[in-house]
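Q: So here's entry_23.cif (mmCIF, C-alpha atoms).
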```
data_entry
loop_
_atom_site.group_PDB
_atom_site.id
_atom_site.type_symbol
_atom_site.label_atom_id
_atom_site.label_comp_id
_atom_site.auth_asym_id
_atom_site.auth_seq_id
_atom_site.Cartn_x
_atom_site.Cartn_y
_atom_site.Cartn_z
ATOM 1 C CA MET A 27 0.990 -6.228 6.393
ATOM 2 C CA ARG A 28 -2.369 -4.464 6.098
ATOM 3 C CA ASP A 29 -1.579 -2.355 9.144
ATOM 4 C CA LEU A 30 1.829 -1.429 7.732
ATOM 5 C CA VAL A 31 0.349 -0.176 4.443
ATOM 6 C CA LEU A 32 -2.421 1.646 6.301
ATOM 7 C CA TRP A 33 0.037 3.400 8.608
ATOM 8 C CA LEU A 34 2.428 4.384 5.815
ATOM 9 C CA ALA A 35 -0.377 5.754 3.639
ATOM 10 C CA LYS A 36 -1.888 7.780 6.485
ATOM 11 C CA GLN A 37 1.500 9.427 7.069
ATOM 12 C CA LEU A 38 1.639 10.655 3.456
ATOM 13 C CA VAL A 39 -1.858 11.953 2.761
ATOM 14 C CA GLU A 40 -3.750 15.118 3.683
ATOM 15 C CA ASP A 41 -6.990 13.187 4.416
ATOM 16 C CA PRO A 42 -6.048 10.128 6.520
ATOM 17 C CA GLU A 43 -9.707 9.296 7.150
ATOM 18 C CA ALA A 44 -10.145 8.444 3.450
ATOM 19 C CA VAL A 45 -7.407 5.785 3.446
ATOM 20 C CA ARG A 46 -8.738 2.256 2.952
ATOM 21 C CA VAL A 47 -6.865 -1.025 2.564
ATOM 22 C CA GLU A 48 -8.632 -4.178 1.410
ATOM 23 C CA THR A 49 -6.860 -7.528 1.704
ATOM 24 C CA ILE A 50 -7.320 -10.488 -0.616
ATOM 25 C CA GLU A 51 -5.642 -13.683 0.581
ATOM 26 C CA ARG A 52 -4.430 -16.309 -1.855
ATOM 27 C CA ASP A 53 -2.371 -19.496 -1.351
ATOM 28 C CA ARG A 54 1.026 -18.004 -0.562
ATOM 29 C CA SER A 55 0.374 -14.400 -1.503
ATOM 30 C CA THR A 56 -1.629 -11.425 -0.360
ATOM 31 C CA VAL A 57 -3.052 -8.673 -2.543
ATOM 32 C CA LEU A 58 -3.516 -5.341 -0.794
ATOM 33 C CA GLU A 59 -5.724 -2.766 -2.497
ATOM 34 C CA LEU A 60 -5.013 0.770 -1.322
ATOM 35 C CA SER A 61 -7.484 3.570 -1.946
ATOM 36 C CA VAL A 62 -7.071 7.195 -0.926
ATOM 37 C CA ALA A 63 -8.887 10.460 -1.613
ATOM 38 C CA GLN A 64 -8.536 11.579 -5.235
ATOM 39 C CA GLU A 65 -6.506 14.660 -4.268
ATOM 40 C CA ASP A 66 -4.016 12.458 -2.354
ATOM 41 C CA LEU A 67 -3.422 9.991 -5.169
ATOM 42 C CA GLY A 68 -0.369 11.891 -6.420
ATOM 43 C CA ARG A 69 1.194 11.864 -2.962
ATOM 44 C CA VAL A 70 0.893 8.085 -2.710
ATOM 45 C CA ILE A 71 2.176 7.397 -6.230
ATOM 46 C CA GLY A 72 4.908 10.044 -6.190
ATOM 47 C CA ARG A 73 6.848 11.592 -9.029
ATOM 48 C CA GLY A 74 7.585 8.913 -11.572
ATOM 49 C CA GLY A 75 6.075 6.288 -9.251
ATOM 50 C CA LYS A 76 8.960 6.499 -6.788
ATOM 51 C CA THR A 77 6.769 6.556 -3.682
ATOM 52 C CA ALA A 78 4.661 3.632 -4.926
ATOM 53 C CA LYS A 79 7.850 1.679 -5.639
ATOM 54 C CA ALA A 80 9.108 2.382 -2.112
ATOM 55 C CA PHE A 81 5.753 1.213 -0.699
ATOM 56 C CA ARG A 82 6.073 -2.033 -2.627
ATOM 57 C CA THR A 83 9.687 -2.551 -1.530
ATOM 58 C CA VAL A 84 8.817 -2.181 2.165
ATOM 59 C CA LEU A 85 5.773 -4.419 1.749
ATOM 60 C CA ASP A 86 7.831 -7.068 -0.045
ATOM 61 C CA ALA A 87 10.393 -7.109 2.772
ATOM 62 C CA ALA A 88 7.649 -7.507 5.393
ATOM 63 C CA ALA A 89 5.997 -10.291 3.419
ATOM 64 C CA ARG A 90 9.250 -12.206 2.933
ATOM 65 C CA GLN A 91 9.771 -12.278 6.699
ATOM 66 C CA GLN A 92 6.488 -14.189 6.899
ATOM 67 C CA GLY A 93 7.384 -16.466 3.998
ATOM 68 C CA ARG A 94 4.724 -14.899 1.781
ATOM 69 C CA ARG A 95 4.442 -12.701 -1.289
ATOM 70 C CA ALA A 96 2.580 -9.398 -1.235
ATOM 71 C CA VAL A 97 1.231 -7.274 -4.069
ATOM 72 C CA LEU A 98 0.122 -3.660 -3.637
ATOM 73 C CA ASP A 99 -2.530 -2.250 -5.962
ATOM 74 C CA ILE A 100 -3.195 1.481 -5.721
ATOM 75 C CA LEU A 101 -6.771 2.130 -6.790
ATOM 76 C CA ASP A 102 -7.859 5.395 -8.357
#
```
The structure in this file should be written as structure tokens.
A:
Amino acid sequence: MRDLVLWLAKQLVEDPEAVRVETIERDRSTVLELSVAQEDLGRVIGRGGKTAKAFRTVLDAAARQQGRRAVLDILD
């Protein structure tokens, strides 16, 4: 799941080298913390949060295939 978020984020941003994903494992869930360059934050969140919602939808589908729950936090 980490690799999926990392790949998707790098496709959206102007500075792919600044993309970082930290993973925090819990019992049956995973928290992924995404950080990008400040100037790319709007690209990752999207107008009205639509891009962030799409990120979370794709991540949720991937997590369900593994019988887990995933949460995406976008850090600023």
Q: For Asp86 in chain A, which residue among A:Val62, A:Val39, A:Ile71, A:Val57 is the nearest when counting all atoms listed in the file?
A: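 Answer, going by the shortest atom-to-atom distance: A:Val57.
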Q: Please expand the PyMOL selection byres ((chain A and resi 98) around 9) into the concrete residues it hits in this file, giving the result as a ChimeraX atom specification.
A: /A:31,56-60,78,81-82,85,96-97,99-100
Q: Next, the residues of the selection above should be written as a compact mmCIF listing (two decimals), in the coordinates of the input with C-alpha atoms.
A:
```txt
# COMPACT_ATOMS: atom_id res chain seq x y z
CA VAL A 31 0.35 -0.18 4.44
CA THR A 56 -1.63 -11.42 -0.36
CA VAL A 57 -3.05 -8.67 -2.54
CA LEU A 58 -3.52 -5.34 -0.79
CA GLU A 59 -5.72 -2.77 -2.50
CA LEU A 60 -5.01 0.77 -1.32
CA ALA A 78 4.66 3.63 -4.93
CA PHE A 81 5.75 1.21 -0.70
CA ARG A 82 6.07 -2.03 -2.63
CA LEU A 85 5.77 -4.42 1.75
CA ALA A 96 2.58 -9.40 -1.24
CA VAL A 97 1.23 -7.27 -4.07
CA ASP A 99 -2.53 -2.25 -5.96
CA ILE A 100 -3.20 1.48 -5.72
```
Q: Measure the distance from CA of Ala63 in chain A to CA of Arg46 in chain A in Å and round it to one decimal.
A: 9.4 Å
Q: For CA of Glu51 in chain A and CA of Leu67 in chain A, determine how far apart the two atoms are, in Å to one decimal place.
A: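 Those two atoms sit 24.5 Å apart.
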Q: Rounded to one decimal, what separation in Å do you get between CA of Gly93 in chain A and CA of Met27 in chain A?
A: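 For CA of Gly93 in chain A relative to CA of Met27 in chain A, the distance reads 12.3 Å.
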Q: Which one is closest to Ala35 in chain A: A:Thr83, A:Gln91, A:Thr49, A:Thr77? Count all atoms listed in the file.
A: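 Checking each candidate against Ala35 in chain A, we get A:Thr77 as the closest.
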Q: To test the calculation: enclose all listed atoms of range 63-81 of chain A in a box whose edges run along x, y and z, add 5 Å on each side, then state centre and edge lengths in Å to one decimal, as AutoDock Vina command-line options.
A:
```
--center_x 0.1 --center_y 7.9 --center_z -6.1 --size_x 28.0 --size_y 23.4 --size_z 20.9
```
Q: Give me the residues near Gln64 in chain A as an MDAnalysis selection string, where near means some atom within 12 Å (using all atoms listed in the file) and where sequence neighbours in that chain fewer than 6 positions away do not count.
A: chainID A and resid 39:41 44:45 70:71 100:102
Q: Pick the closest to Gln37 in chain A from A:Ser55, A:Ile50, A:Asp66, A:Gly74: which is it, counting only C-alpha atoms?
A: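 Of A:Ser55, A:Ile50, A:Asp66, A:Gly74, the one nearest Gln37 in chain A, counting only C-alpha atoms, is A:Asp66.
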Q: Using only C-alpha atoms, which of the listed residues (A:Leu34, A:Gly68, A:Ser61, A:Glu48) sits closest to Ala80 in chain A?
A: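 When distances to Ala80 in chain A are compared using only C-alpha atoms, the smallest one comes from A:Leu34.
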Q: Using all atoms listed in the file, can you tell me which of A:Lys79, A:Arg73, A:Ala89, A:Asp53 comes closest to Arg28 in chain A?
A: A:Ala89
Q: Would you please work out which residue, of A:Arg69, A:Leu30, A:Lys36, A:Val47, is nearest to Ala87 in chain A when using only C-alpha atoms?
A: A:Leu30
